$ cat final-v8.txt   # compact mmCIF, C-alpha atoms
# COMPACT_ATOMS: atom_id res chain seq x y z
CA MET Y 1391 -6.69 11.06 14.85
CA LEU Y 1392 -9.69 8.82 15.31
CA PRO Y 1393 -11.48 8.56 12.01
CA THR Y 1394 -15.13 9.49 11.98
CA VAL Y 1395 -17.69 8.49 9.44
CA ALA Y 1396 -17.33 11.72 7.56
CA ASP Y 1397 -13.58 11.34 7.29
CA MET Y 1398 -13.19 7.69 6.51
CA PRO Y 1399 -11.94 6.87 3.07
CA SER Y 1400 -14.91 4.62 2.59
CA SER Y 1401 -16.22 3.35 -0.69
CA ASP Y 1402 -18.37 5.95 -2.32
CA THR Y 1403 -21.39 3.70 -2.13
CA ALA Y 1404 -21.40 4.29 1.62
CA LEU Y 1405 -21.88 8.00 1.09
CA ASP Y 1406 -25.05 9.88 0.30
CA SER Y 1407 -25.36 11.53 -3.07
CA GLN Y 1408 -25.31 15.26 -3.66
CA ALA Y 1409 -28.93 14.89 -4.73
CA GLU Y 1410 -29.84 13.54 -1.29
CA ILE Y 1411 -27.92 16.32 0.48
CA SER Y 1412 -29.48 18.93 -1.79
CA ARG Y 1413 -32.91 17.51 -1.02
CA GLU Y 1414 -32.24 17.90 2.70
CA ILE Y 1415 -30.94 21.44 2.18
CA LEU Y 1416 -34.09 22.34 0.28
CA LYS Y 1417 -36.27 20.83 2.98
CA ALA Y 1418 -34.46 22.83 5.66
CA ARG Y 1419 -34.99 25.98 3.59
CA GLU Y 1420 -38.69 25.29 3.25
CA GLU Y 1421 -38.98 24.71 6.99
CA TYR Y 1422 -37.19 27.99 7.60
CA ALA Y 1423 -39.48 29.89 5.25
CA ALA Y 1424 -42.55 28.32 6.85
CA ALA Y 1425 -41.40 29.17 10.38
CA GLY Y 1426 -41.19 32.86 9.52
CA VAL Y 1427 -38.63 33.64 12.24
CA VAL Y 1428 -35.50 35.37 11.03
CA GLU Y 1429 -32.21 33.61 11.79
CA THR Y 1430 -28.87 35.31 11.42
CA GLN Y 1431 -26.52 32.54 12.56
CA PRO Y 1432 -26.03 28.94 11.41
CA ARG Y 1433 -28.12 26.14 12.82
CA LEU Y 1434 -25.99 24.03 15.14
CA ASP Y 1435 -28.19 21.04 14.34
CA TYR Y 1436 -27.98 20.75 10.55
CA GLU Y 1437 -28.16 17.19 9.33
CA PRO Y 1438 -26.92 17.80 5.77
CA TYR Y 1439 -23.56 18.56 7.42
CA ARG Y 1440 -23.10 15.02 8.68
CA SER Y 1441 -20.37 15.81 11.17
CA SER Y 1442 -22.76 18.08 13.06
CA ILE Y 1443 -25.12 15.25 13.94
CA LEU Y 1444 -23.28 14.12 17.08
CA ARG Y 1445 -21.61 17.42 17.78
CA HIS Y 1446 -24.42 19.86 18.43
CA PRO Y 1447 -26.01 20.53 21.81
CA THR Y 1448 -29.59 19.29 22.01
CA LYS Y 1449 -30.54 21.59 24.86
CA ASP Y 1450 -31.26 25.27 24.33
CA LEU Y 1451 -28.34 27.56 24.90
CA HIS Y 1452 -28.69 28.97 28.39
CA HIS Y 1453 -29.24 32.70 28.62
CA ALA Y 1454 -26.43 34.46 30.46
CA ASP Y 1455 -25.71 38.07 31.28
CA PRO Y 1456 -22.01 38.68 30.71
CA GLU Y 1457 -20.17 38.97 34.00
CA GLY Y 1458 -16.68 39.86 35.10
CA VAL Y 1459 -14.11 38.52 32.69
CA GLU Y 1460 -16.72 38.07 29.95
CA ARG Y 1461 -17.07 41.83 29.68
CA LEU Y 1462 -13.51 42.19 28.46
CA ALA Y 1463 -11.49 40.53 25.72
CA PRO Y 1464 -7.91 39.32 25.60
CA CYS Y 1465 -5.43 41.87 24.26
CA PHE Y 1466 -2.90 41.24 21.55
CA GLY Y 1467 -0.09 43.56 20.54
CA HIS Y 1468 2.56 44.12 17.96
CA LEU Y 1469 4.99 41.92 19.88
CA ASP Y 1470 2.59 39.01 19.47
CA LEU Y 1471 3.00 38.85 15.72
CA ASP Y 1472 5.22 39.87 12.86
CA PRO Y 1473 4.03 42.27 10.14
CA VAL Y 1474 5.09 39.69 7.54
CA GLU Y 1475 2.28 37.45 8.79
CA ALA Y 1476 -0.26 39.68 7.02
CA ASP Y 1477 1.27 38.84 3.63
CA LEU Y 1478 0.81 35.15 2.87
CA THR Y 1479 2.68 35.50 -0.43
CA ILE Y 1480 6.08 36.39 1.03
CA GLN Y 1481 6.52 33.76 3.70
CA HIS Y 1482 8.74 31.53 1.54
CA SER Y 1483 11.58 31.89 -0.92
CA GLY Y 1484 9.39 32.11 -4.03
CA ASP Y 1485 6.02 33.35 -5.19
CA PRO Y 1486 3.05 31.08 -4.59
CA VAL Y 1487 1.05 29.92 -7.58
CA GLY Y 1488 -2.39 31.44 -8.03
CA GLU Y 1489 -4.32 34.66 -8.26
CA ARG Y 1490 -2.65 37.21 -5.99
CA MET Y 1491 -5.25 39.22 -4.14
CA VAL Y 1492 -5.77 41.62 -1.30
CA VAL Y 1493 -8.54 40.90 1.20
CA THR Y 1494 -9.40 43.84 3.40
CA GLY Y 1495 -12.30 45.14 5.44
CA ARG Y 1496 -13.31 46.38 8.84
CA VAL Y 1497 -14.18 44.61 12.06
CA LEU Y 1498 -17.12 46.39 13.67
CA ASP Y 1499 -19.25 45.90 16.74
CA GLY Y 1500 -23.03 45.84 16.61
CA ASP Y 1501 -23.21 49.62 16.87
CA GLY Y 1502 -20.90 50.02 13.91
CA ARG Y 1503 -17.93 51.08 16.01
CA PRO Y 1504 -14.53 49.85 14.83
CA VAL Y 1505 -12.80 47.11 16.81
CA ALA Y 1506 -9.30 48.58 16.93
CA GLY Y 1507 -6.00 46.87 17.61
CA GLN Y 1508 -7.52 43.42 17.75
CA LEU Y 1509 -6.23 40.10 16.40
CA VAL Y 1510 -7.47 38.67 13.10
CA GLU Y 1511 -6.28 35.20 12.08
CA ILE Y 1512 -6.89 33.52 8.73
CA TRP Y 1513 -6.12 30.16 7.16
CA GLN Y 1514 -6.90 28.72 3.77
CA ALA Y 1515 -6.18 26.20 1.04
CA ASN Y 1516 -3.78 27.01 -1.77
CA ALA Y 1517 -4.80 27.80 -5.36
CA ALA Y 1518 -5.19 24.10 -6.08
CA GLY Y 1519 -7.55 23.59 -3.15
CA ARG Y 1520 -4.98 21.86 -0.96
CA TYR Y 1521 -4.27 22.60 2.69
CA VAL Y 1522 -0.83 22.21 4.19
CA HIS Y 1523 -2.50 20.31 7.04
CA LYS Y 1524 -1.40 16.68 7.16
CA ARG Y 1525 -4.98 15.47 7.32
CA ASP Y 1526 -5.74 16.91 3.90
CA GLN Y 1527 -5.54 13.95 1.53
CA HIS Y 1528 -6.86 15.81 -1.53
CA HIS Y 1529 -4.87 14.73 -4.57
CA ALA Y 1530 -3.75 18.23 -5.48
CA PRO Y 1531 -0.29 19.74 -5.24
CA VAL Y 1532 1.09 21.33 -2.11
CA ASP Y 1533 2.67 24.69 -2.98
CA PRO Y 1534 6.13 24.95 -1.36
CA ASN Y 1535 5.72 28.73 -1.43
CA PHE Y 1536 2.39 28.86 0.31
CA THR Y 1537 1.44 27.88 3.85
CA GLY Y 1538 -1.91 29.62 3.95
CA VAL Y 1539 -1.77 31.11 7.45
CA GLY Y 1540 -2.00 34.81 8.23
CA ARG Y 1541 -2.38 37.11 11.21
CA CYS Y 1542 -2.71 40.82 11.68
CA LEU Y 1543 -4.01 43.44 14.07
CA THR Y 1544 -6.81 45.78 13.06
CA ASP Y 1545 -5.85 49.46 12.86
CA ASP Y 1546 -7.57 52.32 14.66
CA ASP Y 1547 -10.34 52.22 12.09
CA GLY Y 1548 -10.92 48.49 12.64
CA THR Y 1549 -9.38 47.71 9.26
CA TYR Y 1550 -7.56 44.45 8.58
CA ARG Y 1551 -5.64 43.74 5.38
CA PHE Y 1552 -4.13 40.54 4.04
CA VAL Y 1553 -2.23 39.81 0.84
CA THR Y 1554 -2.78 36.23 -0.27
CA ILE Y 1555 -3.74 34.09 -3.24
CA LYS Y 1556 -7.24 33.00 -4.08
CA PRO Y 1557 -7.94 29.57 -2.58
CA GLY Y 1558 -9.35 26.82 -4.77
CA PRO Y 1559 -12.46 24.77 -4.02
CA TYR Y 1560 -11.76 21.31 -2.66
CA PRO Y 1561 -13.47 17.95 -2.20
CA TRP Y 1562 -14.44 16.60 1.20
CA ARG Y 1563 -16.14 13.48 2.44
CA ASN Y 1564 -19.46 14.73 3.71
CA HIS Y 1565 -21.13 12.97 0.80
CA HIS Y 1566 -20.27 11.64 -2.65
CA ASN Y 1567 -18.72 14.29 -4.89
CA ALA Y 1568 -18.89 16.92 -2.16
CA TRP Y 1569 -16.97 20.14 -2.85
CA ARG Y 1570 -16.51 23.13 -0.60
CA PRO Y 1571 -16.84 26.54 -2.24
CA ALA Y 1572 -13.58 28.47 -2.12
CA HIS Y 1573 -13.25 30.17 1.24
CA ILE Y 1574 -10.89 31.72 3.76
CA HIS Y 1575 -11.29 30.87 7.44
CA PHE Y 1576 -11.38 33.89 9.77
CA SER Y 1577 -10.87 33.97 13.54
CA LEU Y 1578 -11.94 37.19 15.27
CA PHE Y 1579 -11.95 38.80 18.68
CA GLY Y 1580 -13.91 41.82 19.84
CA THR Y 1581 -13.71 44.08 22.83
CA ASP Y 1582 -15.70 41.58 24.91
CA PHE Y 1583 -15.10 37.85 25.30
CA THR Y 1584 -18.70 37.31 24.18
CA GLN Y 1585 -17.86 38.62 20.70
CA ARG Y 1586 -15.42 35.81 19.90
CA MET Y 1587 -16.17 34.46 16.45
CA VAL Y 1588 -14.81 32.00 13.92
CA THR Y 1589 -16.25 32.05 10.43
CA GLN Y 1590 -15.51 31.64 6.71
CA MET Y 1591 -15.40 34.21 3.92
CA TYR Y 1592 -16.60 33.20 0.47
CA PHE Y 1593 -16.20 34.69 -3.01
CA PRO Y 1594 -19.03 36.19 -5.03
CA GLY Y 1595 -20.90 34.03 -7.51
CA ASP Y 1596 -19.46 30.67 -6.48
CA PRO Y 1597 -21.52 27.93 -8.19
CA LEU Y 1598 -20.97 25.64 -5.18
CA PHE Y 1599 -22.92 27.80 -2.71
CA ASP Y 1600 -26.23 25.98 -3.09
CA LEU Y 1601 -24.59 22.57 -2.78
CA ASP Y 1602 -22.61 23.25 0.38
CA PRO Y 1603 -24.16 22.16 3.67
CA ILE Y 1604 -21.78 24.26 5.76
CA LEU Y 1605 -22.77 27.54 4.13
CA GLN Y 1606 -26.40 26.45 3.86
CA ALA Y 1607 -26.51 25.77 7.60
CA VAL Y 1608 -27.08 29.53 7.66
CA ARG Y 1609 -30.64 29.22 6.48
CA ASP Y 1610 -31.34 32.88 5.80
CA GLN Y 1611 -30.25 34.15 2.37
CA ARG Y 1612 -29.43 37.65 3.63
CA ALA Y 1613 -27.36 36.16 6.43
CA ARG Y 1614 -25.48 33.93 3.95
CA ASP Y 1615 -24.81 37.01 1.84
CA ARG Y 1616 -22.98 38.50 4.82
CA LEU Y 1617 -20.36 35.78 4.42
CA VAL Y 1618 -19.59 36.70 0.81
CA ALA Y 1619 -16.87 39.24 0.06
CA ALA Y 1620 -17.36 41.88 -2.64
CA TYR Y 1621 -14.95 42.31 -5.50
CA ASP Y 1622 -13.64 45.88 -5.18
CA HIS Y 1623 -11.75 47.40 -8.06
CA ASP Y 1624 -10.46 50.14 -5.78
CA VAL Y 1625 -8.68 47.44 -3.80
CA THR Y 1626 -7.35 45.88 -6.98
CA SER Y 1627 -3.98 47.31 -7.97
CA HIS Y 1628 -2.51 47.88 -11.42
CA GLU Y 1629 -0.58 44.91 -12.78
CA TRP Y 1630 -0.30 43.41 -9.31
CA SER Y 1631 -3.33 41.93 -7.56
CA THR Y 1632 -7.09 41.71 -7.46
CA GLY Y 1633 -8.95 43.03 -4.43
CA TYR Y 1634 -11.83 41.93 -2.25
CA ARG Y 1635 -13.57 43.73 0.56
CA TRP Y 1636 -15.34 42.05 3.44
CA ASP Y 1637 -16.57 43.75 6.61
CA ILE Y 1638 -17.27 41.69 9.70
CA VAL Y 1639 -19.80 42.60 12.37
CA LEU Y 1640 -19.39 41.04 15.80
CA THR Y 1641 -22.30 40.43 18.13
CA GLY Y 1642 -23.40 43.23 20.43
CA SER Y 1643 -21.29 46.11 21.57
CA HIS Y 1644 -19.01 46.89 24.43
CA GLY Y 1645 -20.27 48.30 27.68
CA THR Y 1646 -23.87 48.83 26.63
CA PRO Y 1647 -26.53 46.96 28.54
CA MET Y 1648 -27.98 44.48 26.10
CA GLU Y 1649 -31.64 43.63 26.26
CA GLU Y 1650 -33.15 40.46 25.02
CA PRO Y 1651 -35.02 41.00 21.78
CA GLU Y 1652 -38.71 40.29 22.32
CA GLU Y 1653 -38.79 37.30 20.02
CA GLU Y 1654 -36.31 35.57 22.29
CA ALA Y 1655 -38.29 36.12 25.45
CA MET A 1497 -30.81 46.89 20.09
CA SER A 1498 -27.72 46.89 17.94
CA ALA A 1499 -27.79 48.78 14.68
CA LEU A 1500 -25.91 46.19 12.65
CA VAL A 1501 -26.64 42.49 12.25
CA ALA A 1502 -23.79 40.21 13.22
CA THR A 1503 -21.93 38.21 10.59
CA PRO A 1504 -22.76 34.50 10.86
CA GLY A 1505 -20.27 32.11 12.38
CA GLN A 1506 -19.09 28.98 10.57
CA THR A 1507 -17.37 25.82 11.72
CA VAL A 1508 -13.65 25.95 12.41
CA GLY A 1509 -13.44 22.91 10.12
CA PRO A 1510 -10.83 20.15 10.15
CA PHE A 1511 -7.77 22.08 9.05
CA TYR A 1512 -7.21 24.80 11.67
CA GLY A 1513 -4.47 22.67 13.21
CA PHE A 1514 -1.71 24.22 11.13
CA ALA A 1515 -2.95 27.74 11.77
CA LEU A 1516 -4.42 28.39 15.19
CA PRO A 1517 -2.58 26.30 17.81
CA TYR A 1518 0.85 27.67 18.73
CA ASP A 1519 3.73 26.95 21.07
CA ALA A 1520 2.83 27.43 24.73
CA GLY A 1521 -0.70 28.40 23.79
CA ASN A 1522 -1.97 26.35 26.71
CA ARG A 1523 0.63 27.56 29.25
CA LEU A 1524 -0.83 30.65 30.86
CA ALA A 1525 0.94 30.30 34.19
CA PRO A 1526 4.25 32.12 34.55
CA ALA A 1527 7.17 29.70 34.68
CA GLY A 1528 7.69 28.30 38.16
CA ASP A 1529 4.66 30.02 39.70
CA PRO A 1530 3.74 27.87 42.74
CA ARG A 1531 0.05 28.62 42.24
CA THR A 1532 0.05 26.83 38.88
CA VAL A 1533 -2.85 24.48 38.38
CA ARG A 1534 -3.58 22.09 35.55
CA LEU A 1535 -7.03 22.38 33.96
CA ARG A 1536 -7.67 19.27 31.92
CA GLY A 1537 -10.44 17.16 30.51
CA LEU A 1538 -12.03 15.54 27.50
CA VAL A 1539 -14.22 16.80 24.72
CA LEU A 1540 -16.90 14.20 23.94
CA ASP A 1541 -19.57 13.84 21.27
CA GLY A 1542 -23.17 12.61 21.52
CA GLU A 1543 -22.07 9.00 21.73
CA GLY A 1544 -19.49 9.73 24.40
CA ARG A 1545 -16.65 9.36 21.95
CA PRO A 1546 -13.65 11.67 22.17
CA VAL A 1547 -13.53 14.59 19.74
CA PRO A 1548 -9.97 14.67 18.41
CA ASP A 1549 -10.44 17.82 16.35
CA ALA A 1550 -11.75 20.32 18.87
CA MET A 1551 -10.04 23.44 20.09
CA LEU A 1552 -10.68 25.21 23.37
CA GLU A 1553 -9.81 28.71 24.46
CA ILE A 1554 -9.91 30.02 28.00
CA TRP A 1555 -10.07 33.58 29.29
CA GLN A 1556 -9.87 34.43 32.97
CA ALA A 1557 -8.88 36.81 35.72
CA ASP A 1558 -5.70 36.39 37.73
CA PRO A 1559 -5.86 35.01 41.30
CA ALA A 1560 -6.47 38.51 42.64
CA GLY A 1561 -9.54 38.92 40.43
CA GLN A 1562 -7.86 41.36 38.05
CA VAL A 1563 -8.69 40.86 34.39
CA PRO A 1564 -5.41 41.11 32.49
CA GLN A 1565 -5.40 43.72 29.74
CA ARG A 1566 -1.91 43.08 28.49
CA ALA A 1567 -0.61 41.69 25.22
CA GLY A 1568 1.69 38.71 25.00
CA SER A 1569 -0.60 35.70 24.76
CA LEU A 1570 0.83 34.55 21.41
CA ARG A 1571 4.46 35.05 22.32
CA ARG A 1572 4.65 34.46 26.01
CA ASP A 1573 7.54 35.97 27.94
CA GLY A 1574 7.26 33.39 30.71
CA VAL A 1575 6.58 36.09 33.31
CA ALA A 1576 3.37 37.92 32.47
CA PHE A 1577 -0.02 36.37 33.10
CA THR A 1578 -2.21 37.34 30.13
CA GLY A 1579 -5.30 35.35 31.12
CA TRP A 1580 -5.86 33.84 27.70
CA GLY A 1581 -4.91 30.48 26.24
CA ARG A 1582 -5.69 28.06 23.44
CA ALA A 1583 -5.40 24.27 23.31
CA ALA A 1584 -6.30 21.73 20.64
CA THR A 1585 -7.53 18.30 21.72
CA THR A 1586 -5.31 15.27 21.26
CA SER A 1587 -6.24 12.16 19.27
CA ALA A 1588 -7.86 10.96 22.51
CA GLY A 1589 -10.01 14.09 22.75
CA ALA A 1590 -8.01 15.39 25.72
CA TYR A 1591 -6.86 18.92 26.45
CA GLU A 1592 -4.94 20.64 29.20
CA PHE A 1593 -4.04 24.15 30.27
CA LEU A 1594 -1.49 25.18 32.85
CA THR A 1595 -2.90 28.26 34.46
CA LEU A 1596 -3.50 30.10 37.73
CA PRO A 1597 -6.75 29.82 39.66
CA PRO A 1598 -9.04 32.74 38.79
CA GLY A 1599 -10.01 35.18 41.54
CA PRO A 1600 -13.37 36.90 41.94
CA VAL A 1601 -13.91 39.84 39.58
CA ASP A 1602 -15.75 42.69 41.32
CA GLY A 1603 -16.80 40.32 44.10
CA GLY A 1604 -18.45 37.82 41.73
CA THR A 1605 -17.96 34.08 41.71
CA PRO A 1606 -14.64 33.15 40.10
CA PHE A 1607 -14.84 31.22 36.83
CA ILE A 1608 -12.88 30.59 33.68
CA ALA A 1609 -14.68 31.58 30.48
CA MET A 1610 -14.29 28.96 27.77
CA THR A 1611 -14.89 28.91 24.01
CA VAL A 1612 -15.42 25.56 22.26
CA LEU A 1613 -14.62 25.08 18.57
CA ALA A 1614 -14.64 21.83 16.60
CA ARG A 1615 -15.06 20.31 13.22
CA GLY A 1616 -18.75 19.48 12.95
CA LEU A 1617 -19.69 22.31 15.30
CA LEU A 1618 -21.23 24.99 13.11
CA ASN A 1619 -20.68 27.89 15.48
CA ARG A 1620 -18.50 28.43 18.52
CA LEU A 1621 -19.96 27.60 21.90
CA PHE A 1622 -19.40 29.46 25.14
CA THR A 1623 -19.35 27.96 28.60
CA ARG A 1624 -17.93 28.59 32.07
CA VAL A 1625 -15.62 26.54 34.24
CA TYR A 1626 -16.34 27.12 37.93
CA LEU A 1627 -13.97 25.99 40.69
CA PRO A 1628 -14.83 22.90 42.78
CA SER A 1629 -15.28 25.03 45.92
CA THR A 1630 -17.96 27.24 44.31
CA ASP A 1631 -20.96 28.22 46.45
CA ARG A 1632 -23.62 27.66 43.84
CA THR A 1633 -26.35 29.52 45.66
CA ALA A 1634 -24.25 32.69 45.53
CA ASP A 1635 -23.82 32.70 41.76
CA PRO A 1636 -26.65 34.10 39.62
CA LEU A 1637 -26.09 31.64 36.78
CA LEU A 1638 -25.61 28.47 38.84
CA ALA A 1639 -28.39 29.33 41.27
CA ARG A 1640 -30.93 29.34 38.44
CA LEU A 1641 -29.80 26.04 36.92
CA ASP A 1642 -31.15 22.63 37.76
CA PRO A 1643 -28.41 21.14 40.01
CA ALA A 1644 -27.61 18.32 37.60
CA ARG A 1645 -27.18 20.82 34.78
CA GLY A 1646 -25.15 23.08 37.02
CA ASP A 1647 -22.82 20.16 37.74
CA THR A 1648 -21.62 20.32 34.15
CA LEU A 1649 -20.14 23.76 34.77
CA VAL A 1650 -18.19 22.94 37.92
CA ALA A 1651 -14.74 21.43 37.57
CA ARG A 1652 -13.89 18.53 39.87
CA GLU A 1653 -10.58 18.14 41.63
CA GLU A 1654 -8.50 15.11 40.78
CA ASP A 1655 -4.90 14.64 41.90
CA GLY A 1656 -4.64 18.38 42.43
CA ASP A 1657 -5.85 19.10 38.89
CA LEU A 1658 -9.04 20.82 37.85
CA VAL A 1659 -10.91 18.40 35.60
CA PHE A 1660 -13.59 19.70 33.27
CA ASP A 1661 -15.10 17.61 30.48
CA VAL A 1662 -16.98 19.20 27.62
CA ARG A 1663 -19.91 17.05 26.48
CA LEU A 1664 -21.26 18.47 23.26
CA GLN A 1665 -24.43 16.37 23.30
CA GLY A 1666 -26.37 13.74 25.20
CA GLU A 1667 -26.18 12.60 28.78
CA GLY A 1668 -24.49 15.18 30.95
CA GLU A 1669 -24.47 17.66 28.06
CA THR A 1670 -22.52 20.71 29.11
CA VAL A 1671 -24.49 23.90 29.63
CA PHE A 1672 -23.60 26.26 26.80
CA LEU A 1673 -24.40 29.94 26.96
CA ARG A 1674 -26.16 32.49 24.81
CA TYR A 1675 -25.13 35.89 26.04
CA ALA A 1676 -27.64 38.68 26.19
CA GLY A 1677 -27.90 40.33 22.78
CA GLN A 1678 -26.82 37.31 20.75
CA ALA A 1679 -29.33 36.45 18.08
CA PRO A 1680 -30.15 32.92 16.94
$ encode --input "final-v8.txt" --output "structure tokens"
Amino acid sequence: MLPTVADMPSSDTALDSQAEISREILKAREEYAAAGVVETQPRLDYEPYRSSILRHPTKDLHHADPEGVERLAPCFGHLDLDPVEADLTIQHSGDPVGERMVVTGRVLDGDGRPVAGQLVEIWQANAAGRYVHKRDQHHAPVDPNFTGVGRCLTDDDGTYRFVTIKPGPYPWRNHHNAWRPAHIHFSLFGTDFTQRMVTQMYFPGDPLFDLDPILQAVRDQRARDRLVAAYDHDVTSHEWSTGYRWDIVLTGSHGTPMEEPEEEA
Amino acid sequence: MSALVATPGQTVGPFYGFALPYDAGNRLAPAGDPRTVRLRGLVLDGEGRPVPDAMLEIWQADPAGQVPQRAGSLRRDGVAFTGWGRAATTSAGAYEFLTLPPGPVDGGTPFIAMTVLARGLLNRLFTRVYLPSTDRTADPLLARLDPARGDTLVAREEDGDLVFDVRLQGEGETVFLRYAGQAP
């Protein structure tokens, strides 16, 4: 891997402080409030997330009407994956360390219709905030009983369900003393290619939210809230695991002609 | 308009490598199919440097223009063409797929739909890979684009391969798409 500025184990003096990053985050928020135009997705150009600086398009995304293959999505089936992949706590010989939990919810299209039989992929750090990935240099223990990768298919109701352990927060090198809030990465497909989405699910009340330039790249508070799961005691089970619920809405809907909202015209 | 607001995207981050790529993810073509073509290229950042932690997905029709609606992309049987594949970039920012040339769907211009994911990229990007022989005036998307911009969507042929570079930013920046109905 070629190191980039954000990844290099440089001396901390080369990195900006959290105070500087927080100042930039605040400025971006003020600009958003002043603009008065509602955003629901992250900015691609968000300087507090340093790695985005050279990796965002500078030209406007080009409007396209979905055609041909874009009007359909790839199909996945039960032969593509094993049911055990939905339980991240039973993939090794022993129990992983950490808070066992169930994460469940529904994948819906923009009209609220369930996306049935579609692939959901997740990956995450272990309870200590360490990824199995070889590039993770965080000085925290790898758990031999936890890989942190899961897959499942949604059921007819669009419901996905994973058993896992709660991931820990972890440091990264965006700036000095930078810590990501605990999160689970989600990869989602819809009924149309255009609904493809990759995102991250967070946990309620995390004190790192305001400090994190990746979450804050979504400048709208209500939109950020859509990335936060809800603790659900009905998903929690007696003497076994806690439970979180998180529904995911994909863009648009299948087969309906989509019109440009006026503010985009 | 849709009734529900879409969940925001987030970057794929640096650590998807142990989770998303899988064996034969980039081999869509059935084993031994004489129509097999290699689609390859680089993913480059705003300074023209390779992006070693990007991941691309492609989705396409078969050579007859049929859009596959069959499972089996994750565990390929070596026979079925599922139309979908996934490839991570190498340390040199390079990727490749072994696939079949797409045919026209419903008489439209053939193209391969592509999704771009990378560390540092806060949301996925969509683009299209058109074949070198494409008649640009006949395609609604290409016909409306400035020719130089349109060039970024057309693969070139090199040693029998289709070559398509993804430039995230700067000179020759690839045209990325916002589909109708997608909010900012």
$ residues_around --input "final-v8.txt" --residues "Val1508 of chain A" --least-positions-apart "6" --cutoff "8 Å" --atoms "all atoms listed in the file" --output "list in words"
His1575, Val1588 and Thr1589 of chain Y; Leu1613, Ala1614, Arg1615, Leu1617, Leu1618 and Asn1619 of chain A
$ interface_residues --input "final-v8.txt" --of "chain Y" --to "chain A" --cutoff "6 Å" --atoms "all atoms listed in the file" --output "NGL selection string"
:Y and (1391 or 1429 or 1431 or 1434 or 1441-1442 or 1444-1447 or 1451-1455 or 1458-1459 or 1465-1467 or 1470 or 1500-1501 or 1523 or 1539 or 1588-1590 or 1616 or 1638-1642 or 1648 or 1650)
$ residues_around --input "final-v8.txt" --residues "segment 1556-1568 of chain Y" --least-positions-apart "2" --cutoff "9 Å" --atoms "all atoms listed in the file" --output "PDB file with C-alpha atoms, in the frame of the given file"
ATOM      1  CA  VAL Y1395     -17.690   8.490   9.440  1.00  0.00           C
ATOM      2  CA  ALA Y1396     -17.330  11.720   7.560  1.00  0.00           C
ATOM      3  CA  ASP Y1397     -13.580  11.340   7.290  1.00  0.00           C
ATOM      4  CA  MET Y1398     -13.190   7.690   6.510  1.00  0.00           C
ATOM      5  CA  PRO Y1399     -11.940   6.870   3.070  1.00  0.00           C
ATOM      6  CA  SER Y1400     -14.910   4.620   2.590  1.00  0.00           C
ATOM      7  CA  ASP Y1402     -18.370   5.950  -2.320  1.00  0.00           C
ATOM      8  CA  THR Y1403     -21.390   3.700  -2.130  1.00  0.00           C
ATOM      9  CA  ALA Y1404     -21.400   4.290   1.620  1.00  0.00           C
ATOM     10  CA  LEU Y1405     -21.880   8.000   1.090  1.00  0.00           C
ATOM     11  CA  ASP Y1406     -25.050   9.880   0.300  1.00  0.00           C
ATOM     12  CA  SER Y1407     -25.360  11.530  -3.070  1.00  0.00           C
ATOM     13  CA  GLN Y1408     -25.310  15.260  -3.660  1.00  0.00           C
ATOM     14  CA  GLU Y1410     -29.840  13.540  -1.290  1.00  0.00           C
ATOM     15  CA  ILE Y1411     -27.920  16.320   0.480  1.00  0.00           C
ATOM     16  CA  PRO Y1438     -26.920  17.800   5.770  1.00  0.00           C
ATOM     17  CA  TYR Y1439     -23.560  18.560   7.420  1.00  0.00           C
ATOM     18  CA  ARG Y1440     -23.100  15.020   8.680  1.00  0.00           C
ATOM     19  CA  SER Y1441     -20.370  15.810  11.170  1.00  0.00           C
ATOM     20  CA  GLY Y1488      -2.390  31.440  -8.030  1.00  0.00           C
ATOM     21  CA  GLU Y1489      -4.320  34.660  -8.260  1.00  0.00           C
ATOM     22  CA  ARG Y1490      -2.650  37.210  -5.990  1.00  0.00           C
ATOM     23  CA  MET Y1491      -5.250  39.220  -4.140  1.00  0.00           C
ATOM     24  CA  GLN Y1514      -6.900  28.720   3.770  1.00  0.00           C
ATOM     25  CA  ALA Y1515      -6.180  26.200   1.040  1.00  0.00           C
ATOM     26  CA  ASN Y1516      -3.780  27.010  -1.770  1.00  0.00           C
ATOM     27  CA  ALA Y1517      -4.800  27.800  -5.360  1.00  0.00           C
ATOM     28  CA  ALA Y1518      -5.190  24.100  -6.080  1.00  0.00           C
ATOM     29  CA  GLY Y1519      -7.550  23.590  -3.150  1.00  0.00           C
ATOM     30  CA  ARG Y1520      -4.980  21.860  -0.960  1.00  0.00           C
ATOM     31  CA  HIS Y1528      -6.860  15.810  -1.530  1.00  0.00           C
ATOM     32  CA  GLY Y1538      -1.910  29.620   3.950  1.00  0.00           C
ATOM     33  CA  THR Y1554      -2.780  36.230  -0.270  1.00  0.00           C
ATOM     34  CA  ARG Y1570     -16.510  23.130  -0.600  1.00  0.00           C
ATOM     35  CA  PRO Y1571     -16.840  26.540  -2.240  1.00  0.00           C
ATOM     36  CA  ALA Y1572     -13.580  28.470  -2.120  1.00  0.00           C
ATOM     37  CA  HIS Y1573     -13.250  30.170   1.240  1.00  0.00           C
ATOM     38  CA  ILE Y1574     -10.890  31.720   3.760  1.00  0.00           C
ATOM     39  CA  LEU Y1598     -20.970  25.640  -5.180  1.00  0.00           C
ATOM     40  CA  LEU Y1601     -24.590  22.570  -2.780  1.00  0.00           C
ATOM     41  CA  ASP Y1602     -22.610  23.250   0.380  1.00  0.00           C
ATOM     42  CA  PRO Y1603     -24.160  22.160   3.670  1.00  0.00           C
TER      43      PRO Y1603
END
$ atom_distance --input "final-v8.txt" --atom1 "atom CA of His1468 of chain Y" --atom2 "atom CA of Gly1502 of chain Y"
24.5 Å
